[in-house]
Amino acid sequence: MTPKLYASAAALALMAGTAMADGHGHMKFKPGEGAFSWDSYNAWAESAPDLSGQTVTVAGPWLQPEDDVFRSVLAYFTEATGAEAIYTGSDSFEQQIVIDAEAGSAPNIAVFPQPGLAADMAARGLLSPLPASMAPWTVENYGAGQSWVDLGTYADKDGADQHYGFFYNVNVKSLVWYVPENFEDAEYEVPETMEELRALTEQIVADGETPWCIGLGSGAATGWPATDWVEDIMLRTQPADVYDAWTTNDIPFNDERVVAAIEEFGWFVGDDAKVSGGAGAVATTDFRDSPKGMFAAPAECYMHRQASFVPAFFPEGIEFGEDVDFFYFPSYEGKDLGNPVLGGGTLMAITDPSDATTALMEFFQLPLAHEVFGAQSGFLTPLKSVNPETYLNDALRGQADILVNATTFRFDGSDLMPGGVGAGSFWTGMVDFTGGKDAATVAAEIQDSWDALK
Amino acid sequence: MDNIAGRKSGLSWAVNISVALLVALWLFPTVGLLVSSFRTADQISASGWWKSLFSAEQVVQLRTGGAEAATQEGDLWVVEGNLLDEAEDGPAPGITITRFGVSSKAVDAFAVGDTATFSKDEKTFTMDAAGNYRFTSTEKLRKRGQRVFITATLPPDFTLENYDQVLFSGNSNDSMAKAFFNTLTVTIPATIIPILIAAFAAYALAWMEFPGRVLLIATVVGLLVVPLQLALIPLLKLHLNIGIGKGYLGVWLAHTGFGLPLAIYLLRNYMAGLPKDIIENAKVDGATDFQIFTKIILPLSFPALASFAILQFLWTWNDLLVAKVFLIDATGNTTVMTNQIVELLGTRGGNWEILATAAFVSIVAPLCVFFAMQRYLVRGLLAGSVK
């Protein structure tokens with residue numbers, strides 16, 4: 001029986017090998033229809049070189065459902081140039097891209113989830129600089145353009161700064177999600193200043209309910225949602241240049257201003273009455289599960305501070321604007337620091353240059369390449385020429401609005417710190433802090449780990 | 001029974017109970033995973049799987065009709081209907097509602113039949129146990145209806161959606177079926193090649209006299225402790241330099257290399273334990289080494305070959321690391337089941353229902369292989385051949 005089993009299995013395997021289909025998506029929106037920027041696309045498509053027969057490969061961290069969305073963006077590139085553009089996603093992208101680049105089997109373009117790894121690979125000579133026209137184009141066309149160029153500029157193997165990273169798909173982190181009908185039932189108002197938000201938190205506690213759902217659990221990355229909290233509070237209690245100095249360690253991690261920000265986070269998270277499940281449950285609650293408490297009946301909490309991607313983890317059938325809404329994580333009225341916004345984003349860098357790769361990078365300068373993604377999924381772009389009407393829903397339009405109206409935009413600080421801190425001791429330190437450790441001790445330990453890396 | 005040697009121990013009940021306990025301990029998580037694979041993501045996050053097996057009292061949020069369904073009666077805007085019938089994704093009609101509420105702060109404030117008056121006496125709501133309701137408001141209604149929380153005992157609710165998604169989602173290029181055949185293409189040669197090589201090597205190391213034999217065995221045993229992660233980048237570089245690149249040939253070679261030390265070690269030890277008399281008899285009768293190997297050693301070693309085949313098959317079937325490094329290239333045409341499952345988990349993970357379902361889908365082939373070959377593990381071929 002066994003030889004037969006092998007024979008038939010092998011036959012099936014051979015059949016599968018021959019049944020290869022094409023690897024690209026199809027155009028989801030018919031050219032010329034909808035509010036998309038077709039004119040600039042058509043103009044580009046006419047002058048685009050004919051690249052039939054060539055292939056561009058893109059590797060990145062997007063899996064379901066974003067991978068299909070991105071493939072549908074690439075379909076418009078294939079339509080215009082004839083070159084095949086293939087995207088593959090991986091959950092362990094950060095490890096795999098290093099192996100592939102080291103061994104010499106890298107894709108043409110890599111989509112990095114954060115700048116730290118890209119800077120690291122640039123320093124090892126594994127990235128190729130972007131076409132020279134990209135930097136001035138970004139300055140001109142992106143909101144706060146120079147800061148995006150700075151975030152994508154790293155030292156190469158010889159220590160010279162070069163422009164490597166092109167930001168595509170940005171998210172806003174300074175958002176507080178809530179259920180409007182729960183607020184109505186309890187007669188709470190949406191707070192507009194940090195003073196009001198703190199008063200509301202105390203009000204909800206006084207009413208015998210729980211104001212916040214906070215979860216830090218994220219497998220090996222447990223703790224990162226707390227770093228976003230601390231960064232957001234840093235921006236609201238200190239000027240932006242202090243924040244910048246903090247992310248580069250020009251001021252030490254255990255500076256009193258940083259410790260004060262951690263303690264302020266502790267004001268929200270360290271009190272059993274203020275957090276769903278109690279302060280002890282924060283570190284063990286998965287960040288993907290924690291927003292669900294808002295939708296429980298009866299509600300387990302009223303507010304959840306999380307980035308713009310979090311609706312992916314809301315229960316099924318939740319409608320934005322009706323069942324759920326968000327407000328801007330407010331700034332202090334008493335401190336004249338404007339309206340700072342914390343964000344993150346993915347950037348593209350060239351790992352294996354070719355003509356078709358250059359053409360694809362040009363394609364990503366078109367508003368259409370941003371609009372098609374934003375029309376299908378949680379996607380924001382700083383590109384000013386994008387038509388806001390094409391965003392999938394009002395939530396994204398509202399977030400795009402926050403992004404545009406920010407007086408200060410700062411990138412996720414933990415992504416800018418060295419990996420050992422920003423994706424290591426900062427995470428674990430925050431878990432220790434929510435577990436009851438003193439803020440000053442935690443900050444001193446994180447600074448020690450930073451010193452050890454120098 | 002007194003005259004039978006080896007009497008039944010008086011403590012056999014203790015053995016039976018501990019075996020039963022061990023089996024239960026082993027099965028418990030598996031059963032939980034199986035039950036979870038039939039539940040939706042929202043159900044999994046809302047309650048434990050053990051609760052889903054029985055009817056339980058639950059609070060469910062439903063919605064009345066909105067402005068479009070309202071009729072005007074004098075000063076009042078009125079919506080009437082049945083909550084359970086109108087709900088698209090709610091509990092099945094036919095359940096009995098015991099209590100209801102109209103505010104998230106008091107979800108079971110009213111018994112069915114009562115009338116709730118709220119929003120500064122502007123709105124009233126009443127319903128019966130079957131879900132028939134009447135909602136009135138002095139103001140024009142909003143587009144969306146009023147939220148109503150009902151308390152009812154709900155029967156167990158399971159779905160096949162997860163299996164549908166795992167097995168049939170994706171297009172022809174990116175589906176579980178394709179990944180399944182790709183995985184077979186990887187695992188079958190990656191199981192057969194190391195066994196072929198290892199069987200020859202093991203015979204030579206066990207029964208052929210040549211200088212340096214012991215040193216060679218020691219080297220093979222030493223290789224057992226080398227972590228394969230060390231070899232990933234150098235080996236991939238080698239593959240790229242000699243033109244194999246990323247592909248099936250590369251992954252077969254890698255699996256063969258990583259599997260050989262254990263295979264040779266296992267088979268050599270087994271073959272060395274075979275009775276010397278048989279082999280010497282054969283030599284006296286004029287058999288060559290090759291004849292001894294094919295006619296005597298191979299049939300006698302079948303249990304060891306089968307057990308290593310099972311081990312190697314399971315390891316290559318469940319492998320993600322080696323496949324990612326040596327097989328899956330940027331074109332995405334070669335994906336294996338483990339990788340396909342990881343992709344289904346989504347960009348930020350956390351789709352536990354998919355994880356549970358995928359575990360049961362991917363377990364099928366290894367189970368078939370195990371049951372097909374386990375008799376070779378159990379059957380003592382040797383016992384029958386040597387009188």
# chains A, B, ... in the order shown; residues from 1 in each chain; ligands from 1
>>> residues_around(residues="region 442-450 of chain A", least_positions_apart="6", cutoff="9 Å", atoms="only C-alpha atoms", output="list in words")
Asn249, Pro252, Phe253, Asn254, Asp255, Val258, Val259, Ile262, Pro418, Gly420, Val421, Ser425, Phe426, Gly429, Met430, Asp432 and Phe433 of chain A
>>> write_last_selection(atoms="N, CA and C atoms", output="mmCIF file, in the first residue's frame")
data_model
loop_
_atom_site.group_PDB
_atom_site.id
_atom_site.type_symbol
_atom_site.label_atom_id
_atom_site.label_comp_id
_atom_site.auth_asym_id
_atom_site.auth_seq_id
_atom_site.Cartn_x
_atom_site.Cartn_y
_atom_site.Cartn_z
ATOM 1 N N ASN A 249 19.223 59.613 22.585
ATOM 2 C CA ASN A 249 19.946 59.475 23.851
ATOM 3 C C ASN A 249 20.834 60.670 24.145
ATOM 4 N N PRO A 252 19.611 61.402 28.756
ATOM 5 C CA PRO A 252 19.557 59.995 29.160
ATOM 6 C C PRO A 252 18.124 59.524 29.385
ATOM 7 N N PHE A 253 17.935 58.217 29.301
ATOM 8 C CA PHE A 253 16.608 57.657 29.470
ATOM 9 C C PHE A 253 16.086 57.915 30.876
ATOM 10 N N ASN A 254 16.986 57.990 31.857
ATOM 11 C CA ASN A 254 16.517 58.202 33.227
ATOM 12 C C ASN A 254 16.510 59.677 33.608
ATOM 13 N N ASP A 255 16.471 60.553 32.574
ATOM 14 C CA ASP A 255 16.257 61.978 32.827
ATOM 15 C C ASP A 255 14.913 62.145 33.531
ATOM 16 N N VAL A 258 11.769 62.221 31.374
ATOM 17 C CA VAL A 258 11.298 60.939 30.857
ATOM 18 C C VAL A 258 10.612 60.157 31.979
ATOM 19 N N VAL A 259 11.251 60.167 33.146
ATOM 20 C CA VAL A 259 10.663 59.454 34.284
ATOM 21 C C VAL A 259 9.277 60.010 34.591
ATOM 22 N N ILE A 262 6.811 58.536 32.188
ATOM 23 C CA ILE A 262 6.478 57.155 32.534
ATOM 24 C C ILE A 262 5.511 57.137 33.717
ATOM 25 N N PRO A 418 17.993 52.356 19.072
ATOM 26 C CA PRO A 418 18.627 51.105 18.633
ATOM 27 C C PRO A 418 17.737 49.907 18.980
ATOM 28 N N GLY A 420 18.147 47.104 20.370
ATOM 29 C CA GLY A 420 18.275 46.529 21.711
ATOM 30 C C GLY A 420 17.480 47.303 22.753
ATOM 31 N N VAL A 421 17.220 48.586 22.480
ATOM 32 C CA VAL A 421 16.436 49.400 23.408
ATOM 33 C C VAL A 421 14.988 49.486 22.916
ATOM 34 N N SER A 425 14.783 46.460 25.628
ATOM 35 C CA SER A 425 14.678 46.828 27.045
ATOM 36 C C SER A 425 13.546 47.820 27.321
ATOM 37 N N PHE A 426 13.186 48.673 26.323
ATOM 38 C CA PHE A 426 12.069 49.597 26.515
ATOM 39 C C PHE A 426 10.779 48.784 26.682
ATOM 40 N N GLY A 429 11.018 46.809 29.967
ATOM 41 C CA GLY A 429 10.972 47.765 31.073
ATOM 42 C C GLY A 429 9.545 48.201 31.365
ATOM 43 N N MET A 430 8.780 48.427 30.291
ATOM 44 C CA MET A 430 7.396 48.856 30.489
ATOM 45 C C MET A 430 6.555 47.744 31.121
ATOM 46 N N ASP A 432 7.766 45.541 33.215
ATOM 47 C CA ASP A 432 8.166 45.590 34.626
ATOM 48 C C ASP A 432 7.442 46.723 35.350
ATOM 49 N N PHE A 433 7.352 47.891 34.658
ATOM 50 C CA PHE A 433 6.733 49.052 35.282
ATOM 51 C C PHE A 433 5.262 48.778 35.600
#
>>> interface_residues(of="chain B", to="chain A", cutoff="7 Å", atoms="only C-alpha atoms", output="JSON list (two decimals) with N, CA and C atoms, in the first residue's frame")
[["chain", "number", "residue", "atom", "x", "y", "z"],
["B", 42, "ASP", "N", -14.92, 36.16, 17.33],
["B", 42, "ASP", "CA", -15.59, 36.89, 18.41],
["B", 42, "ASP", "C", -16.01, 35.96, 19.54],
["B", 45, "SER", "N", -12.92, 35.06, 21.65],
["B", 45, "SER", "CA", -12.46, 36.08, 22.59],
["B", 45, "SER", "C", -13.49, 36.33, 23.68],
["B", 59, "VAL", "N", -25.73, 37.78, 27.17],
["B", 59, "VAL", "CA", -26.28, 39.09, 26.82],
["B", 59, "VAL", "C", -25.86, 39.40, 25.39],
["B", 60, "VAL", "N", -26.84, 39.73, 24.54],
["B", 60, "VAL", "CA", -26.54, 40.00, 23.14],
["B", 60, "VAL", "C", -27.06, 41.39, 22.80],
["B", 61, "GLN", "N", -26.26, 42.10, 22.00],
["B", 61, "GLN", "CA", -26.69, 43.44, 21.57],
["B", 61, "GLN", "C", -27.38, 43.35, 20.21],
["B", 103, "SER", "N", -29.71, 50.47, 27.92],
["B", 103, "SER", "CA", -28.51, 51.25, 28.18],
["B", 103, "SER", "C", -27.38, 50.29, 28.49],
["B", 104, "SER", "N", -26.17, 50.64, 28.04],
["B", 104, "SER", "CA", -25.04, 49.76, 28.30],
["B", 104, "SER", "C", -24.71, 49.72, 29.79],
["B", 105, "LYS", "N", -25.25, 50.66, 30.54],
["B", 105, "LYS", "CA", -24.96, 50.65, 31.97],
["B", 105, "LYS", "C", -25.86, 49.68, 32.74],
["B", 107, "VAL", "N", -27.77, 46.44, 31.38],
["B", 107, "VAL", "CA", -28.16, 45.64, 30.22],
["B", 107, "VAL", "C", -29.31, 44.67, 30.52],
["B", 172, "SER", "N", -6.05, 30.49, -7.50],
["B", 172, "SER", "CA", -5.41, 29.23, -7.88],
["B", 172, "SER", "C", -3.91, 29.26, -7.57],
["B", 173, "ASN", "N", -3.35, 30.46, -7.54],
["B", 173, "ASN", "CA", -1.91, 30.57, -7.34],
["B", 173, "ASN", "C", -1.54, 30.56, -5.86],
["B", 178, "LYS", "N", -2.63, 24.23, -3.37],
["B", 178, "LYS", "CA", -1.34, 24.32, -4.04],
["B", 178, "LYS", "C", -0.21, 24.14, -3.01],
["B", 181, "PHE", "N", 0.32, 20.45, -2.19],
["B", 181, "PHE", "CA", 1.12, 19.68, -3.15],
["B", 181, "PHE", "C", 2.58, 20.14, -3.14],
["B", 182, "ASN", "N", 2.80, 21.43, -2.94],
["B", 182, "ASN", "CA", 4.18, 21.91, -2.82],
["B", 182, "ASN", "C", 4.86, 21.25, -1.64],
["B", 184, "LEU", "N", 4.16, 18.37, -0.30],
["B", 184, "LEU", "CA", 4.47, 16.98, -0.64],
["B", 184, "LEU", "C", 5.71, 16.92, -1.53],
["B", 185, "THR", "N", 5.82, 17.84, -2.47],
["B", 185, "THR", "CA", 6.98, 17.87, -3.34],
["B", 185, "THR", "C", 8.26, 18.07, -2.54],
["B", 233, "ILE", "N", 22.99, 30.68, 6.21],
["B", 233, "ILE", "CA", 23.49, 31.67, 5.25],
["B", 233, "ILE", "C", 24.62, 31.11, 4.39],
["B", 236, "LEU", "N", 23.11, 28.75, 1.82],
["B", 236, "LEU", "CA", 22.34, 29.46, 0.79],
["B", 236, "LEU", "C", 23.28, 30.15, -0.19],
["B", 237, "LYS", "N", 24.37, 30.73, 0.34],
["B", 237, "LYS", "CA", 25.36, 31.37, -0.53],
["B", 237, "LYS", "C", 25.94, 30.35, -1.49],
["B", 330, "ALA", "N", 11.26, 35.27, -3.92],
["B", 330, "ALA", "CA", 10.44, 36.47, -4.01],
["B", 330, "ALA", "C", 9.30, 36.36, -5.02],
["B", 331, "THR", "N", 9.33, 35.33, -5.88],
["B", 331, "THR", "CA", 8.24, 35.22, -6.85],
["B", 331, "THR", "C", 6.97, 34.69, -6.20],
["B", 332, "GLY", "N", 7.09, 34.05, -5.04],
["B", 332, "GLY", "CA", 5.92, 33.58, -4.33],
["B", 332, "GLY", "C", 5.26, 32.36, -4.96],
["B", 342, "VAL", "N", 0.84, 30.66, 8.14],
["B", 342, "VAL", "CA", 1.33, 31.89, 8.76],
["B", 342, "VAL", "C", 0.74, 33.10, 8.04],
["B", 343, "GLU", "N", 0.64, 33.03, 6.70],
["B", 343, "GLU", "CA", 0.08, 34.15, 5.96],
["B", 343, "GLU", "C", -1.39, 34.36, 6.31],
["B", 344, "LEU", "N", -2.10, 33.24, 6.51],
["B", 344, "LEU", "CA", -3.52, 33.37, 6.85],
["B", 344, "LEU", "C", -3.71, 34.03, 8.21],
["B", 346, "GLY", "N", -2.58, 36.64, 9.26],
["B", 346, "GLY", "CA", -2.77, 38.08, 9.12],
["B", 346, "GLY", "C", -1.54, 38.88, 9.50],
["B", 347, "THR", "N", -1.56, 40.16, 9.12],
["B", 347, "THR", "CA", -0.39, 41.01, 9.28],
["B", 347, "THR", "C", 0.05, 41.11, 10.72],
["B", 350, "GLY", "N", -2.85, 36.93, 15.61],
["B", 350, "GLY", "CA", -4.01, 37.02, 16.48],
["B", 350, "GLY", "C", -5.28, 36.39, 15.95]]
>>> residues_around(residues="Leu235 (chain B)", least_positions_apart="2", cutoff="12 Å", atoms="only C-alpha atoms", output="number ranges by chain")
A: 99-100, 102-104; B: 228-233, 237-242, 244-246, 250-251, 253-255, 257-258, 322, 325-326
>>> write_last_selection(atoms="C-alpha atoms", output="PDB file, in the first residue's frame")
ATOM      1  CA  ILE A  99      19.367  36.314   5.355  1.00  0.00           C
ATOM      2  CA  ASP A 100      18.363  36.934   1.736  1.00  0.00           C
ATOM      3  CA  GLU A 102      23.452  38.573   2.994  1.00  0.00           C
ATOM      4  CA  ALA A 103      23.262  35.531   0.754  1.00  0.00           C
ATOM      5  CA  GLY A 104      22.545  37.569  -2.381  1.00  0.00           C
TER       6      GLY A 104
ATOM      7  CA  LEU B 228      21.329  23.917  11.597  1.00  0.00           C
ATOM      8  CA  GLN B 229      20.813  27.690  11.976  1.00  0.00           C
ATOM      9  CA  LEU B 230      24.600  28.045  11.746  1.00  0.00           C
ATOM     10  CA  ALA B 231      24.584  26.704   8.225  1.00  0.00           C
ATOM     11  CA  LEU B 232      21.685  28.701   6.791  1.00  0.00           C
ATOM     12  CA  ILE B 233      23.492  31.674   5.248  1.00  0.00           C
ATOM     13  CA  LYS B 237      25.357  31.366  -0.531  1.00  0.00           C
ATOM     14  CA  LEU B 238      26.813  28.096  -1.794  1.00  0.00           C
ATOM     15  CA  HIS B 239      23.534  27.179  -3.496  1.00  0.00           C
ATOM     16  CA  LEU B 240      23.373  30.573  -5.188  1.00  0.00           C
ATOM     17  CA  ASN B 241      27.019  30.381  -6.293  1.00  0.00           C
ATOM     18  CA  ILE B 242      26.799  26.927  -7.854  1.00  0.00           C
ATOM     19  CA  ILE B 244      20.988  25.818  -7.679  1.00  0.00           C
ATOM     20  CA  GLY B 245      19.420  28.980  -6.304  1.00  0.00           C
ATOM     21  CA  LYS B 246      16.268  28.839  -4.296  1.00  0.00           C
ATOM     22  CA  GLY B 250      18.032  23.276  -2.797  1.00  0.00           C
ATOM     23  CA  VAL B 251      15.543  22.437  -0.105  1.00  0.00           C
ATOM     24  CA  LEU B 253      19.668  18.945  -0.406  1.00  0.00           C
ATOM     25  CA  ALA B 254      19.344  21.048   2.745  1.00  0.00           C
ATOM     26  CA  HIS B 255      16.888  18.660   4.394  1.00  0.00           C
ATOM     27  CA  GLY B 257      22.138  17.305   4.902  1.00  0.00           C
ATOM     28  CA  PHE B 258      20.396  18.294   8.103  1.00  0.00           C
ATOM     29  CA  VAL B 322      14.415  25.647   6.067  1.00  0.00           C
ATOM     30  CA  VAL B 325      15.481  30.081   3.559  1.00  0.00           C
ATOM     31  CA  PHE B 326      16.021  27.587   0.738  1.00  0.00           C
TER      32      PHE B 326
END
>>> select_by_dssp(residues="region 170-260 of chain B", states="helix (DSSP H, G or I)", output="ChimeraX atom specification")
/B:176-207,213-223,228-241,248-260
>>> write_last_selection(atoms="C-alpha atoms", output="mmCIF file, in the first residue's frame")
data_model
loop_
_atom_site.group_PDB
_atom_site.id
_atom_site.type_symbol
_atom_site.label_atom_id
_atom_site.label_comp_id
_atom_site.auth_asym_id
_atom_site.auth_seq_id
_atom_site.Cartn_x
_atom_site.Cartn_y
_atom_site.Cartn_z
ATOM 1 C CA MET B 176 -3.986 25.741 0.491
ATOM 2 C CA ALA B 177 -4.370 23.051 -2.168
ATOM 3 C CA LYS B 178 -1.335 24.322 -4.037
ATOM 4 C CA ALA B 179 0.617 24.663 -0.808
ATOM 5 C CA PHE B 180 -0.348 21.079 0.066
ATOM 6 C CA PHE B 181 1.118 19.684 -3.149
ATOM 7 C CA ASN B 182 4.177 21.909 -2.817
ATOM 8 C CA THR B 183 4.701 20.548 0.673
ATOM 9 C CA LEU B 184 4.469 16.977 -0.642
ATOM 10 C CA THR B 185 6.981 17.872 -3.345
ATOM 11 C CA VAL B 186 9.326 18.994 -0.603
ATOM 12 C CA THR B 187 8.756 16.272 1.964
ATOM 13 C CA ILE B 188 8.678 13.055 -0.078
ATOM 14 C CA PRO B 189 12.113 13.397 -1.707
ATOM 15 C CA ALA B 190 13.427 15.015 1.489
ATOM 16 C CA THR B 191 12.417 11.822 3.321
ATOM 17 C CA ILE B 192 13.552 9.255 0.749
ATOM 18 C CA ILE B 193 16.948 10.709 -0.186
ATOM 19 C CA PRO B 194 18.426 10.772 3.352
ATOM 20 C CA ILE B 195 17.145 7.239 4.048
ATOM 21 C CA LEU B 196 18.781 5.895 0.885
ATOM 22 C CA ILE B 197 22.123 7.469 1.644
ATOM 23 C CA ALA B 198 21.981 6.743 5.366
ATOM 24 C CA ALA B 199 21.176 3.051 4.875
ATOM 25 C CA PHE B 200 24.275 2.507 2.728
ATOM 26 C CA ALA B 201 26.425 4.529 5.087
ATOM 27 C CA ALA B 202 25.087 2.786 8.162
ATOM 28 C CA TYR B 203 25.830 -0.651 6.720
ATOM 29 C CA ALA B 204 29.344 0.344 5.885
ATOM 30 C CA LEU B 205 29.916 1.853 9.305
ATOM 31 C CA ALA B 206 28.404 -1.133 11.091
ATOM 32 C CA TRP B 207 29.750 -4.158 9.194
ATOM 33 C CA ARG B 213 35.751 3.827 10.848
ATOM 34 C CA VAL B 214 35.424 4.714 14.510
ATOM 35 C CA LEU B 215 36.625 8.250 13.840
ATOM 36 C CA LEU B 216 34.015 8.597 11.117
ATOM 37 C CA ILE B 217 31.246 7.425 13.458
ATOM 38 C CA ALA B 218 32.432 9.868 16.106
ATOM 39 C CA THR B 219 32.306 12.689 13.548
ATOM 40 C CA VAL B 220 28.741 11.801 12.575
ATOM 41 C CA VAL B 221 27.677 11.722 16.214
ATOM 42 C CA GLY B 222 29.416 15.054 16.725
ATOM 43 C CA LEU B 223 27.479 16.565 13.826
ATOM 44 C CA LEU B 228 21.329 23.917 11.597
ATOM 45 C CA GLN B 229 20.813 27.690 11.976
ATOM 46 C CA LEU B 230 24.600 28.045 11.746
ATOM 47 C CA ALA B 231 24.584 26.704 8.225
ATOM 48 C CA LEU B 232 21.685 28.701 6.791
ATOM 49 C CA ILE B 233 23.492 31.674 5.248
ATOM 50 C CA PRO B 234 26.706 29.878 4.138
ATOM 51 C CA LEU B 235 24.680 27.054 2.587
ATOM 52 C CA LEU B 236 22.339 29.456 0.791
ATOM 53 C CA LYS B 237 25.357 31.366 -0.531
ATOM 54 C CA LEU B 238 26.813 28.096 -1.794
ATOM 55 C CA HIS B 239 23.534 27.179 -3.496
ATOM 56 C CA LEU B 240 23.373 30.573 -5.188
ATOM 57 C CA ASN B 241 27.019 30.381 -6.293
ATOM 58 C CA TYR B 248 13.065 22.342 -4.663
ATOM 59 C CA LEU B 249 16.535 20.929 -5.363
ATOM 60 C CA GLY B 250 18.032 23.276 -2.797
ATOM 61 C CA VAL B 251 15.543 22.437 -0.105
ATOM 62 C CA TRP B 252 15.907 18.671 -0.747
ATOM 63 C CA LEU B 253 19.668 18.945 -0.406
ATOM 64 C CA ALA B 254 19.344 21.048 2.745
ATOM 65 C CA HIS B 255 16.888 18.660 4.394
ATOM 66 C CA THR B 256 19.063 15.709 3.393
ATOM 67 C CA GLY B 257 22.138 17.305 4.902
ATOM 68 C CA PHE B 258 20.396 18.294 8.103
ATOM 69 C CA GLY B 259 18.736 14.868 8.465
ATOM 70 C CA LEU B 260 21.715 12.642 7.662
#
>>> residues_around(residues="Thr98 (chain B)", least_positions_apart="3", cutoff="12 Å", atoms="only C-alpha atoms", output="ChimeraX atom specification")
/B:57-60,95,101,107-114,127-131,149-154
>>> residues_around(residues="Ala279 (chain A)", least_positions_apart="5", cutoff="9 Å", atoms="only C-alpha atoms", output="PDB file with C-alpha atoms, in the first residue's frame")
ATOM      1  CA  VAL A 269      -2.355  52.152  34.013  1.00  0.00           C
ATOM      2  CA  GLY A 270      -1.255  51.650  37.612  1.00  0.00           C
ATOM      3  CA  ASP A 271      -4.658  51.843  39.241  1.00  0.00           C
ATOM      4  CA  ASP A 272      -6.908  48.784  39.402  1.00  0.00           C
ATOM      5  CA  ALA A 273     -10.016  50.948  39.123  1.00  0.00           C
ATOM      6  CA  LYS A 274      -8.893  52.657  35.912  1.00  0.00           C
ATOM      7  CA  THR A 434       3.116  47.891  34.916  1.00  0.00           C
ATOM      8  CA  GLY A 435       4.063  44.977  37.159  1.00  0.00           C
ATOM      9  CA  GLY A 436       4.737  47.465  39.965  1.00  0.00           C
TER      10      GLY A 436
END
>>> decode(residues="region 332-346 of chain A", atoms="C-alpha atoms", output="JSON list (two decimals), in the first residue's frame")
[["chain", "number", "residue", "atom", "x", "y", "z"],
["A", 332, "TYR", "CA", -2.64, 69.84, 27.74],
["A", 333, "GLU", "CA", -4.39, 73.16, 27.52],
["A", 334, "GLY", "CA", -2.14, 74.44, 30.29],
["A", 335, "LYS", "CA", 1.07, 73.63, 28.39],
["A", 336, "ASP", "CA", 1.69, 75.56, 25.23],
["A", 337, "LEU", "CA", 2.98, 72.68, 23.13],
["A", 338, "GLY", "CA", 0.48, 72.70, 20.26],
["A", 339, "ASN", "CA", -1.13, 69.50, 18.98],
["A", 340, "PRO", "CA", 1.59, 66.89, 18.61],
["A", 341, "VAL", "CA", 0.89, 63.70, 16.68],
["A", 342, "LEU", "CA", 2.75, 60.43, 17.06],
["A", 343, "GLY", "CA", 2.91, 58.14, 14.06],
["A", 344, "GLY", "CA", 4.68, 55.27, 12.43],
["A", 345, "GLY", "CA", 4.99, 53.91, 8.95],
["A", 346, "THR", "CA", 6.51, 51.46, 6.52]]
